[in-house]
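**Q** File name final10.txt; file contents compact mmCIF, C-alpha atoms and all ligand atoms; full text below.
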```txt
# COMPACT_ATOMS: atom_id res chain seq x y z
CA MET X 418 14.89 18.48 9.41
CA ARG X 419 14.22 18.15 5.69
CA GLY X 420 10.75 17.11 4.53
CA ALA X 421 8.57 17.08 1.40
CA VAL X 422 5.66 19.52 1.16
CA LEU X 423 3.08 19.72 -1.63
CA TYR X 424 2.19 23.35 -2.38
CA ALA X 425 -0.01 22.89 -5.43
CA PRO X 426 -0.65 20.21 -8.04
CA GLY X 427 2.74 19.29 -9.51
CA ASP X 428 4.65 21.43 -6.99
CA VAL X 429 6.46 19.27 -4.40
CA ARG X 430 9.34 20.88 -2.53
CA VAL X 431 11.74 19.46 0.01
CA GLU X 432 12.37 22.11 2.62
CA ASP X 433 13.28 22.69 6.24
CA ARG X 434 10.46 21.66 8.56
CA PRO X 435 10.44 21.78 12.37
CA ASP X 436 11.95 18.70 14.05
CA PRO X 437 9.14 16.57 15.49
CA VAL X 438 8.89 16.30 19.27
CA ILE X 439 6.97 14.04 21.62
CA VAL X 440 3.49 15.59 21.92
CA GLU X 441 1.50 12.80 23.57
CA PRO X 442 3.10 10.46 26.15
CA THR X 443 2.23 7.57 23.79
CA ASP X 444 4.31 9.03 20.90
CA ALA X 445 7.66 7.99 19.51
CA VAL X 446 10.01 9.92 17.25
CA ILE X 447 11.86 7.91 14.62
CA ARG X 448 14.73 8.70 12.27
CA LEU X 449 13.74 7.38 8.87
CA SER X 450 16.02 4.90 7.12
CA ALA X 451 13.91 5.08 3.97
CA THR X 452 10.61 6.48 2.79
CA CYS X 453 8.81 6.58 -0.55
CA VAL X 454 6.17 8.03 -2.84
CA CYS X 455 2.81 6.25 -2.89
CA GLY X 456 0.46 5.89 -5.83
CA SER X 457 -2.14 7.56 -3.61
CA ASP X 458 0.16 10.62 -3.29
CA LEU X 459 -0.44 11.13 -6.99
CA TRP X 460 -4.13 11.96 -6.44
CA PRO X 461 -3.38 15.35 -4.76
CA TYR X 462 -0.24 15.74 -6.92
CA ARG X 463 -2.42 15.56 -10.02
CA GLY X 464 -5.02 17.87 -8.51
CA VAL X 465 -7.71 15.16 -8.45
CA GLU X 466 -7.85 15.47 -4.66
CA LYS X 467 -8.19 19.12 -3.60
CA LEU X 468 -5.43 20.59 -1.46
CA ASP X 469 -6.26 22.64 1.60
CA GLY X 470 -3.04 24.69 1.71
CA ALA X 471 0.54 23.39 1.73
CA ALA X 472 0.58 19.76 2.90
CA PRO X 473 3.44 17.66 4.29
CA MET X 474 3.62 14.46 2.27
CA GLY X 475 4.27 10.77 2.85
CA HIS X 476 2.83 7.99 4.98
CA GLU X 477 5.23 5.06 4.46
CA TYR X 478 8.18 4.69 6.80
CA VAL X 479 10.81 2.51 8.39
CA GLY X 480 13.51 3.73 10.72
CA VAL X 481 15.21 3.74 14.07
CA VAL X 482 13.47 4.94 17.22
CA GLU X 483 15.13 8.07 18.63
CA GLU X 484 12.87 8.89 21.55
CA VAL X 485 9.68 7.62 23.18
CA GLY X 486 7.05 9.24 25.40
CA SER X 487 6.63 8.39 29.09
CA GLN X 488 3.74 5.95 28.50
CA VAL X 489 5.43 3.91 25.75
CA THR X 490 6.30 0.51 27.19
CA THR X 491 7.22 -1.93 24.38
CA ILE X 492 9.00 0.27 21.83
CA ARG X 493 12.48 1.44 22.80
CA PRO X 494 15.07 3.87 21.40
CA GLY X 495 17.49 2.10 19.08
CA GLN X 496 14.96 -0.39 17.69
CA PHE X 497 14.39 -0.64 13.94
CA VAL X 498 10.66 -0.32 13.39
CA VAL X 499 8.01 -0.61 10.69
CA GLY X 500 4.61 1.04 10.93
CA SER X 501 1.55 1.51 8.80
CA PHE X 502 -0.15 4.57 7.32
CA TRP X 503 -2.74 4.55 10.11
CA ALA X 504 -1.41 4.90 13.62
CA SER X 505 -3.57 2.68 15.83
CA ASP X 506 -3.71 1.70 19.50
CA ASN X 507 -3.98 -2.02 18.62
CA THR X 508 -6.08 -2.53 21.76
CA CYS X 509 -9.60 -1.28 20.99
CA GLU X 510 -12.33 -3.66 19.93
CA ILE X 511 -11.93 -2.80 16.23
CA CYS X 512 -8.14 -3.30 16.38
CA ARG X 513 -8.50 -6.62 18.21
CA ALA X 514 -10.81 -7.77 15.44
CA GLY X 515 -7.96 -7.09 12.99
CA TYR X 516 -9.18 -3.77 11.56
CA GLN X 517 -6.52 -1.39 12.86
CA SER X 518 -7.19 0.99 9.95
CA GLY X 519 -10.57 1.57 11.59
CA CYS X 520 -9.14 2.01 15.12
CA VAL X 521 -11.27 4.28 17.27
CA HIS X 522 -8.10 6.29 18.05
CA ARG X 523 -6.53 6.12 14.60
CA VAL X 524 -4.31 8.90 13.27
CA LEU X 525 -3.61 9.22 9.54
CA MET X 526 0.17 9.30 9.07
CA GLY X 527 -0.25 11.33 5.88
CA SER X 528 -1.35 14.22 8.08
CA ILE X 529 2.09 14.09 9.74
CA GLY X 530 4.10 13.48 6.57
CA THR X 531 6.88 10.88 6.53
CA GLN X 532 8.78 11.91 3.40
CA SER X 533 11.18 13.45 5.89
CA GLU X 534 14.25 12.78 8.00
CA LEU X 535 12.30 12.39 11.25
CA ALA X 536 8.69 11.65 12.09
CA ARG X 537 6.45 11.61 15.13
CA ILE X 538 4.59 8.31 15.41
CA PRO X 539 1.40 8.45 17.54
CA LEU X 540 0.34 5.42 19.62
CA ALA X 541 3.83 3.97 19.24
CA ASP X 542 3.19 0.73 21.15
CA GLY X 543 0.21 -0.09 18.97
CA THR X 544 1.50 1.27 15.66
CA LEU X 545 5.11 0.15 15.46
CA VAL X 546 6.51 -3.35 15.06
CA ALA X 547 10.23 -3.82 15.78
CA THR X 548 12.31 -6.10 13.59
CA PRO X 549 14.34 -8.87 15.22
CA GLY X 550 17.59 -6.91 15.47
CA MET X 551 18.97 -4.41 12.97
CA PRO X 552 18.06 -5.62 9.46
CA ASP X 553 20.63 -5.98 6.69
CA ALA X 554 20.62 -2.91 4.46
CA ASP X 555 19.33 -4.88 1.46
CA LEU X 556 16.16 -5.77 3.40
CA VAL X 557 15.19 -2.15 4.05
CA PRO X 558 13.27 -1.64 0.74
CA SER X 559 11.19 -4.76 1.41
CA LEU X 560 10.46 -3.67 4.99
CA LEU X 561 9.43 -0.28 3.63
CA ALA X 562 7.12 -2.03 1.16
CA ALA X 563 5.50 -3.81 4.13
CA SER X 564 4.58 -0.39 5.54
CA ASP X 565 1.93 0.08 2.86
CA VAL X 566 1.95 -1.53 -0.59
CA LEU X 567 2.69 -5.07 0.54
CA GLY X 568 0.31 -4.86 3.50
CA THR X 569 -2.35 -3.37 1.24
CA GLY X 570 -1.88 -5.97 -1.48
CA TRP X 571 -1.98 -8.64 1.22
CA PHE X 572 -5.27 -7.33 2.58
CA GLY X 573 -6.62 -7.22 -0.98
CA ALA X 574 -5.73 -10.89 -1.40
CA VAL X 575 -7.23 -11.85 1.99
CA ALA X 576 -10.39 -9.82 1.29
CA ALA X 577 -10.64 -11.55 -2.10
CA ALA X 578 -10.38 -14.90 -0.28
CA ALA X 579 -7.30 -15.94 -2.28
CA GLY X 580 -6.16 -19.42 -1.32
CA PRO X 581 -5.47 -22.98 -2.46
CA GLY X 582 -7.39 -24.01 -5.55
CA LYS X 583 -8.41 -20.44 -6.34
CA THR X 584 -7.98 -18.44 -9.51
CA VAL X 585 -7.12 -14.87 -8.57
CA VAL X 586 -7.32 -11.89 -10.92
CA VAL X 587 -5.42 -8.71 -10.09
CA VAL X 588 -6.72 -5.48 -11.63
CA GLY X 589 -3.99 -2.84 -11.53
CA ASP X 590 -0.26 -3.20 -12.11
CA GLY X 591 0.98 -0.53 -9.71
CA ALA X 592 2.98 -1.48 -6.63
CA VAL X 593 -0.14 -2.55 -4.70
CA GLY X 594 -1.41 -4.75 -7.53
CA LEU X 595 2.03 -6.33 -7.92
CA CYS X 596 2.20 -6.99 -4.18
CA GLY X 597 -1.33 -8.45 -4.41
CA ILE X 598 0.04 -10.96 -6.92
CA LEU X 599 2.82 -11.87 -4.49
CA ALA X 600 0.32 -12.18 -1.63
CA ALA X 601 -2.07 -14.37 -3.63
CA GLY X 602 0.79 -16.75 -4.38
CA GLN X 603 1.88 -16.82 -0.73
CA LEU X 604 -1.69 -17.58 0.30
CA GLY X 605 -1.61 -20.61 -1.98
CA ALA X 606 -3.60 -19.49 -5.04
CA GLU X 607 -3.45 -21.97 -7.89
CA ARG X 608 -3.55 -19.43 -10.69
CA VAL X 609 -2.85 -15.69 -10.59
CA ILE X 610 -3.88 -13.60 -13.58
CA ALA X 611 -2.32 -10.14 -13.79
CA MET X 612 -4.08 -7.50 -15.87
CA SER X 613 -1.28 -5.33 -17.25
CA ARG X 614 -0.18 -3.86 -20.53
CA HIS X 615 3.25 -2.58 -19.49
CA ALA X 616 6.15 -4.91 -20.29
CA PRO X 617 8.38 -4.11 -17.26
CA ARG X 618 5.41 -4.52 -14.92
CA GLN X 619 4.38 -7.77 -16.59
CA GLU X 620 7.89 -9.05 -15.97
CA LEU X 621 7.76 -8.15 -12.27
CA ALA X 622 4.26 -9.65 -12.08
CA ARG X 623 5.71 -12.94 -13.37
CA ARG X 624 8.57 -12.78 -10.86
CA PHE X 625 5.98 -12.23 -8.11
CA GLY X 626 4.09 -15.34 -9.19
CA ALA X 627 1.61 -14.36 -11.93
CA THR X 628 0.79 -17.39 -14.06
CA ASP X 629 -1.09 -15.48 -16.79
CA ILE X 630 -1.08 -11.94 -18.15
CA VAL X 631 -4.14 -10.28 -19.67
CA THR X 632 -3.51 -7.09 -21.59
CA GLU X 633 -7.12 -6.30 -22.52
CA ARG X 634 -9.13 -3.85 -20.42
CA GLY X 635 -12.76 -3.03 -19.78
CA ASP X 636 -15.32 -5.35 -21.41
CA GLU X 637 -12.61 -7.03 -23.47
CA GLY X 638 -10.62 -7.69 -20.31
CA VAL X 639 -13.69 -9.21 -18.64
CA ALA X 640 -14.34 -11.39 -21.71
CA ARG X 641 -10.73 -12.61 -21.61
CA ILE X 642 -11.01 -13.52 -17.89
CA LYS X 643 -14.25 -15.42 -18.61
CA GLU X 644 -12.46 -17.25 -21.43
CA LEU X 645 -9.63 -18.25 -19.07
CA THR X 646 -12.02 -19.50 -16.37
CA GLY X 647 -14.37 -21.72 -18.34
CA GLY X 648 -16.90 -18.89 -18.74
CA LEU X 649 -17.39 -18.54 -14.96
CA GLY X 650 -15.15 -15.68 -13.91
CA ALA X 651 -12.49 -15.78 -11.19
CA HIS X 652 -13.00 -16.94 -7.60
CA SER X 653 -11.07 -13.94 -6.29
CA VAL X 654 -10.39 -10.50 -7.75
CA ILE X 655 -8.10 -7.89 -6.23
CA GLU X 656 -8.98 -4.35 -7.33
CA ALA X 657 -5.92 -2.11 -6.89
CA VAL X 658 -6.68 1.09 -8.81
CA GLY X 659 -9.77 2.83 -7.43
CA THR X 660 -11.50 4.04 -10.59
CA GLN X 661 -14.94 3.33 -11.99
CA GLU X 662 -13.40 1.32 -14.82
CA SER X 663 -11.24 -0.86 -12.56
CA MET X 664 -14.01 -1.50 -10.03
CA THR X 665 -16.48 -2.42 -12.78
CA GLN X 666 -13.90 -4.66 -14.39
CA ALA X 667 -13.22 -6.33 -11.03
CA ILE X 668 -16.88 -7.05 -10.24
CA ARG X 669 -17.64 -8.31 -13.74
CA SER X 670 -14.57 -10.59 -13.69
CA THR X 671 -15.77 -12.33 -10.51
CA ARG X 672 -17.92 -15.46 -10.63
CA PRO X 673 -21.17 -15.70 -8.66
CA GLY X 674 -20.19 -16.49 -5.09
CA GLY X 675 -16.71 -15.06 -5.65
CA TYR X 676 -14.92 -12.29 -3.76
CA VAL X 677 -13.69 -8.83 -4.72
CA GLY X 678 -11.03 -7.33 -2.44
CA PHE X 679 -10.90 -3.64 -3.30
CA VAL X 680 -7.90 -1.70 -2.05
CA GLY X 681 -7.39 1.02 -4.68
CA VAL X 682 -8.32 4.34 -3.04
CA SER X 683 -11.78 4.90 -4.46
CA HIS X 684 -12.30 8.05 -6.53
CA ASP X 685 -15.78 8.83 -7.89
CA VAL X 686 -16.78 5.17 -8.07
CA ALA X 687 -20.54 4.58 -8.21
CA LEU X 688 -21.91 1.06 -8.19
CA GLN X 689 -25.13 0.19 -9.94
CA GLY X 690 -27.46 -1.48 -7.47
CA ASP X 691 -29.18 -3.89 -9.82
CA GLU X 692 -25.93 -5.10 -11.35
CA LEU X 693 -24.47 -5.57 -7.87
CA PHE X 694 -27.60 -7.41 -6.74
CA PHE X 695 -27.51 -9.93 -9.55
CA SER X 696 -23.71 -10.38 -9.47
CA LEU X 697 -23.82 -12.48 -6.28
CA VAL X 698 -20.28 -11.34 -5.37
CA HIS X 699 -18.80 -10.58 -1.97
CA LEU X 700 -17.29 -7.10 -1.71
CA HIS X 701 -14.76 -6.29 0.97
CA GLY X 702 -12.11 -3.62 1.01
CA GLY X 703 -11.03 -0.20 2.15
CA PRO X 704 -7.88 1.19 3.73
CA ALA X 705 -5.90 -1.91 4.60
CA PRO X 706 -5.34 -2.88 8.23
CA VAL X 707 -1.66 -3.30 7.45
CA ARG X 708 -0.77 -3.44 11.15
CA GLN X 709 -2.53 -6.82 11.39
CA TYR X 710 -0.13 -8.35 8.87
CA LEU X 711 3.14 -6.62 9.87
CA PRO X 712 4.53 -9.29 12.22
CA GLU X 713 3.97 -12.02 9.61
CA LEU X 714 5.27 -9.89 6.72
CA ILE X 715 8.37 -8.80 8.64
CA GLY X 716 9.05 -12.48 9.38
CA LEU X 717 8.73 -13.49 5.72
CA ILE X 718 11.03 -10.63 4.67
CA CYS X 719 13.68 -11.20 7.35
CA ASP X 720 13.68 -14.93 6.50
CA ARG X 721 14.13 -13.89 2.83
CA LYS X 722 11.03 -15.79 1.74
CA ILE X 723 9.64 -12.78 -0.14
CA ASP X 724 11.29 -9.77 -1.74
CA PRO X 725 8.59 -7.12 -2.25
CA GLY X 726 11.26 -4.39 -2.33
CA GLN X 727 11.55 -5.12 -6.06
CA VAL X 728 8.63 -2.72 -6.59
CA PHE X 729 11.10 0.13 -6.04
CA ASP X 730 12.63 0.72 -9.44
CA LEU X 731 13.88 4.22 -8.67
CA THR X 732 15.94 5.35 -5.68
CA LEU X 733 16.60 9.03 -5.05
CA PRO X 734 17.87 11.22 -2.25
CA LEU X 735 14.97 12.74 -0.30
CA ASP X 736 15.93 16.16 -1.65
CA GLN X 737 14.96 14.95 -5.15
CA ALA X 738 11.46 13.86 -4.10
CA ALA X 739 9.96 16.04 -6.86
CA GLU X 740 11.64 13.86 -9.49
CA GLY X 741 10.21 10.76 -7.76
CA TYR X 742 6.70 12.20 -8.08
CA ARG X 743 7.28 13.15 -11.73
CA ALA X 744 8.64 9.71 -12.60
CA MET X 745 5.65 7.97 -11.05
CA ASP X 746 3.16 10.44 -12.52
CA GLU X 747 4.59 9.81 -15.99
CA ARG X 748 4.70 6.05 -15.28
CA ARG X 749 8.47 6.01 -15.83
CA ALA X 750 8.78 4.42 -12.39
CA ILE X 751 6.59 1.92 -10.53
CA LYS X 752 7.58 3.30 -7.14
CA ALA X 753 10.23 5.74 -5.96
CA LEU X 754 12.24 5.10 -2.79
CA LEU X 755 13.61 8.20 -1.06
CA LEU X 756 16.71 8.15 1.11
CA PRO X 757 16.73 10.85 3.80
ZN ZN A 1 -7.77 0.57 18.05
```
Here is the file; what I need is its structure written in the form of structure tokens.

**A**
Amino acid sequence: MRGAVLYAPGDVRVEDRPDPVIVEPTDAVIRLSATCVCGSDLWPYRGVEKLDGAAPMGHEYVGVVEEVGSQVTTIRPGQFVVGSFWASDNTCEICRAGYQSGCVHRVLMGSIGTQSELARIPLADGTLVATPGMPDADLVPSLLAASDVLGTGWFGAVAAAAGPGKTVVVVGDGAVGLCGILAAGQLGAERVIAMSRHAPRQELARRFGATDIVTERGDEGVARIKELTGGLGAHSVIEAVGTQESMTQAIRSTRPGGYVGFVGVSHDVALQGDELFFSLVHLHGGPAPVRQYLPELIGLICDRKIDPGQVFDLTLPLDQAAEGYRAMDERRAIKALLLP
């Protein structure tokens, strides 16, 4: 099969990789209908995250089940399925509490690499959710978005306690931040303030339900949020970048008693204890338990209530994955969809 491999910063190649096979009796093998490049793939692509030799890439996936292991009972060949970037059993105590990304048996899908024609999915019964029948082709990008960016934005909004009567600020205008805007609206937020300085992203933020746009950053951005919230700060802030600047901006934009949902993959973020102490904010975040939200998100997408697939503004054949990485790295594209 063909699959993307990162050899060194800036060097992604699509090459022949061995076809996956059933290894554990709980595995499935799927044929991907679509896959994509994640903002988090840019960390190793840019050399910020060190590479330990050539690495298969990709952790977002939707596709049709080809084969299942002998202990798989609910997932069947021929089903169209969506899974998350953590494979999880969905039965352990952590999973049952809704934190499948912390499953005691979790497997990181990025270690398998799903920017490929086929992929082995561990713990298939727990990891995969089948759609009701074969989805229309135009729904595939949205279902793919559910695999990571929508589920992650959704968790950010839930962790930030977005809901009726709340003012929600979203720090970060990448695909996760944009999906966080959509999620906050779906959860009933009264006002959703997007922090973005890029016109095409501002436009998509508005389409996803942003009521206000703030272009200032850092201290100026915080001052603007205070101005818009009667000097108090927001009830809920979704942090969807993962840098010191974005995390600081998120905490300082939150009112005492408010909630920060942080879902940007954290890189060299250090929090100052005394500032945190006196901020009186709730902090909750981490790798999103996307699996928890998949049944609901698949329902909303199949009923055409939400259209998160709009985050894909570039579609390429899998063989041109390198161009997808370049376009996202140079911020020419929000998110690149790859067709195997
Ligand atoms: Zn588990």

**Q** Using all atoms listed in the file, what does the table of segment 423-499 of chain X residues within 10 Å of segment 752-757 of chain X look like, with each row giving the shortest atom pair and its distance in Å to one decimal, sorted by chain and ascending number, as CSV?

**A**
```
residue,atom,partner,partner_atom,distance
X:Arg448,CA,X:Pro757,CA,9.0
X:Leu449,CA,X:Pro757,CA,6.8
X:Ser450,CA,X:Pro757,CA,6.9
X:Ala451,CA,X:Leu756,CA,5.0
X:Thr452,CA,X:Leu755,CA,5.2
X:Cys453,CA,X:Leu754,CA,4.4
X:Val454,CA,X:Ala753,CA,5.6
X:Cys455,CA,X:Lys752,CA,7.0
X:Gly456,CA,X:Lys752,CA,7.7
```

**Q** Would you name the residues within 9 Å of ligand ZN 1 (chain A), counting only C-alpha atoms and all ligand atoms, and put them as a PyMOL selection string?

**A** chain X and resi 504-513+516-523+543

**Q** Please measure the separation of atom CA of Pro435 of chain X and atom CA of Met418 of chain X, giving the value in Å to one decimal.

**A**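 Going from atom CA of Pro435 of chain X over to atom CA of Met418 of chain X, I get 6.3 Å.
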
**Q** Give the answer as one residue: which of X:Ala600, X:Thr584, X:Glu483, X:Thr531 has the shortest atom-to-atom distance to Asp629 of chain X, using only C-alpha atoms?

**A**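 Looking only at the distances to Asp629 of chain X, the closest residue turns out to be X:Thr584.
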
**Q** Kindly indicate which residue among X:Ala472, X:Leu621, X:Val485, X:Ala606 lies nearest to Ser528 of chain X, using all atoms listed in the file for the distances.

**A**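 Under the stated criterion, the closest residue is X:Ala472.
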
**Q** Residues within 9 Å of Ile751 of chain X, please, as a compact mmCIF listing (two decimals) with C-alpha atoms, keeping the file's coordinate frame. Count all atoms listed in the file; anything in the same chain fewer than 3 positions from it doesn't count.

**A**
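Final output, saved to result-v1.txt:
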```txt
# COMPACT_ATOMS: atom_id res chain seq x y z
CA GLY X 456 0.46 5.89 -5.83
CA ASP X 590 -0.26 -3.20 -12.11
CA GLY X 591 0.98 -0.53 -9.71
CA ALA X 592 2.98 -1.48 -6.63
CA ARG X 618 5.41 -4.52 -14.92
CA VAL X 728 8.63 -2.72 -6.59
CA PHE X 729 11.10 0.13 -6.04
CA ASP X 730 12.63 0.72 -9.44
CA LEU X 731 13.88 4.22 -8.67
CA ALA X 744 8.64 9.71 -12.60
CA MET X 745 5.65 7.97 -11.05
CA ARG X 748 4.70 6.05 -15.28
```

**Q** How many Å separate atom CA of Ala738 of chain X from atom CA of Leu560 of chain X?

**A**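 Between atom CA of Ala738 of chain X and atom CA of Leu560 of chain X the gap works out to 19.8 Å.
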
**Q** Which of these residues is nearest to Phe572 of chain X, using all atoms listed in the file: X:Ile630, X:Ile723, X:Ala657, X:Val586?

**A**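 When distances to Phe572 of chain X are compared using all atoms listed in the file, the smallest one comes from X:Ala657.
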
**Q** What is the atom CA of Asp691 of chain X to atom CA of Ser670 of chain X distance in Å?

**A** 16.5 Å

**Q** How would you write as a PyMOL selection string the residues that get within 12 Å of (4.1, 2.6, 20.7) in the file's frame, counting all atoms listed in the file?

**A** chain X and resi 439+441-447+482+484-494+496+498-500+504-508+537-547

**Q** Between X:Val438, X:Leu595, X:Val654, X:Leu688, which is the closest to Leu567 of chain X once you count only C-alpha atoms?

**A**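 When distances to Leu567 of chain X are compared using only C-alpha atoms, the smallest one comes from X:Leu595.
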
**Q** Please determine, counting all atoms listed in the file, which residue among X:Gln661, X:Ser653, X:Gln737, X:Thr671 has the shortest atom-to-atom distance to Asp685 of chain X.

**A**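 Checking each of X:Gln661, X:Ser653, X:Gln737, X:Thr671 against Asp685 of chain X, counting all atoms listed in the file, the winner is X:Gln661.
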
**Q** Do you know which residues lie at most 12 Å from (-20.6, 2.7, -9.0), with coordinates as in the file and only C-alpha atoms counted, and could you write them as a list in words?

**A**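 Counting only C-alpha atoms, I find these residues within 12 Å of (-20.6, 2.7, -9.0): Gly659, Thr660, Gln661, Glu662, Ser663, Met664, Thr665, Gln666, Ala667, Ile668, Ser683, His684, Asp685, Val686, Ala687, Leu688, Gln689, Gly690, Asp691, Glu692 and Leu693 of chain X.
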
**Q** Pick out the closest residue to Pro473 of chain X from this set: X:Ser501, X:Phe679, X:Lys583, X:Ser533. Count all atoms listed in the file.

**A**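 Among the listed residues, the smallest separation from Pro473 of chain X belongs to X:Ser533.
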
**Q** As a ChimeraX atom specification, please: the residues near Ser696 of chain X (cut-off 8 Å, all atoms listed in the file, same-chain neighbours under 6 positions excluded).

**A** /X:668-669,672-673

**Q** I want to know what sits within 7 Å of Gln709 of chain X, based on all atoms listed in the file, with residues of the same chain fewer than 2 positions away left out; could you give that as a PyMOL selection string?

**A** chain X and resi 515+517+706-707+711

**Q** With C-alpha atoms retained, write the just-selected residues as a compact mmCIF listing (two decimals), in the frame of the given file.

**A**
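Okay, result-v5.txt is ready:
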```txt
# COMPACT_ATOMS: atom_id res chain seq x y z
CA GLY X 515 -7.96 -7.09 12.99
CA GLN X 517 -6.52 -1.39 12.86
CA PRO X 706 -5.34 -2.88 8.23
CA VAL X 707 -1.66 -3.30 7.45
CA LEU X 711 3.14 -6.62 9.87
```
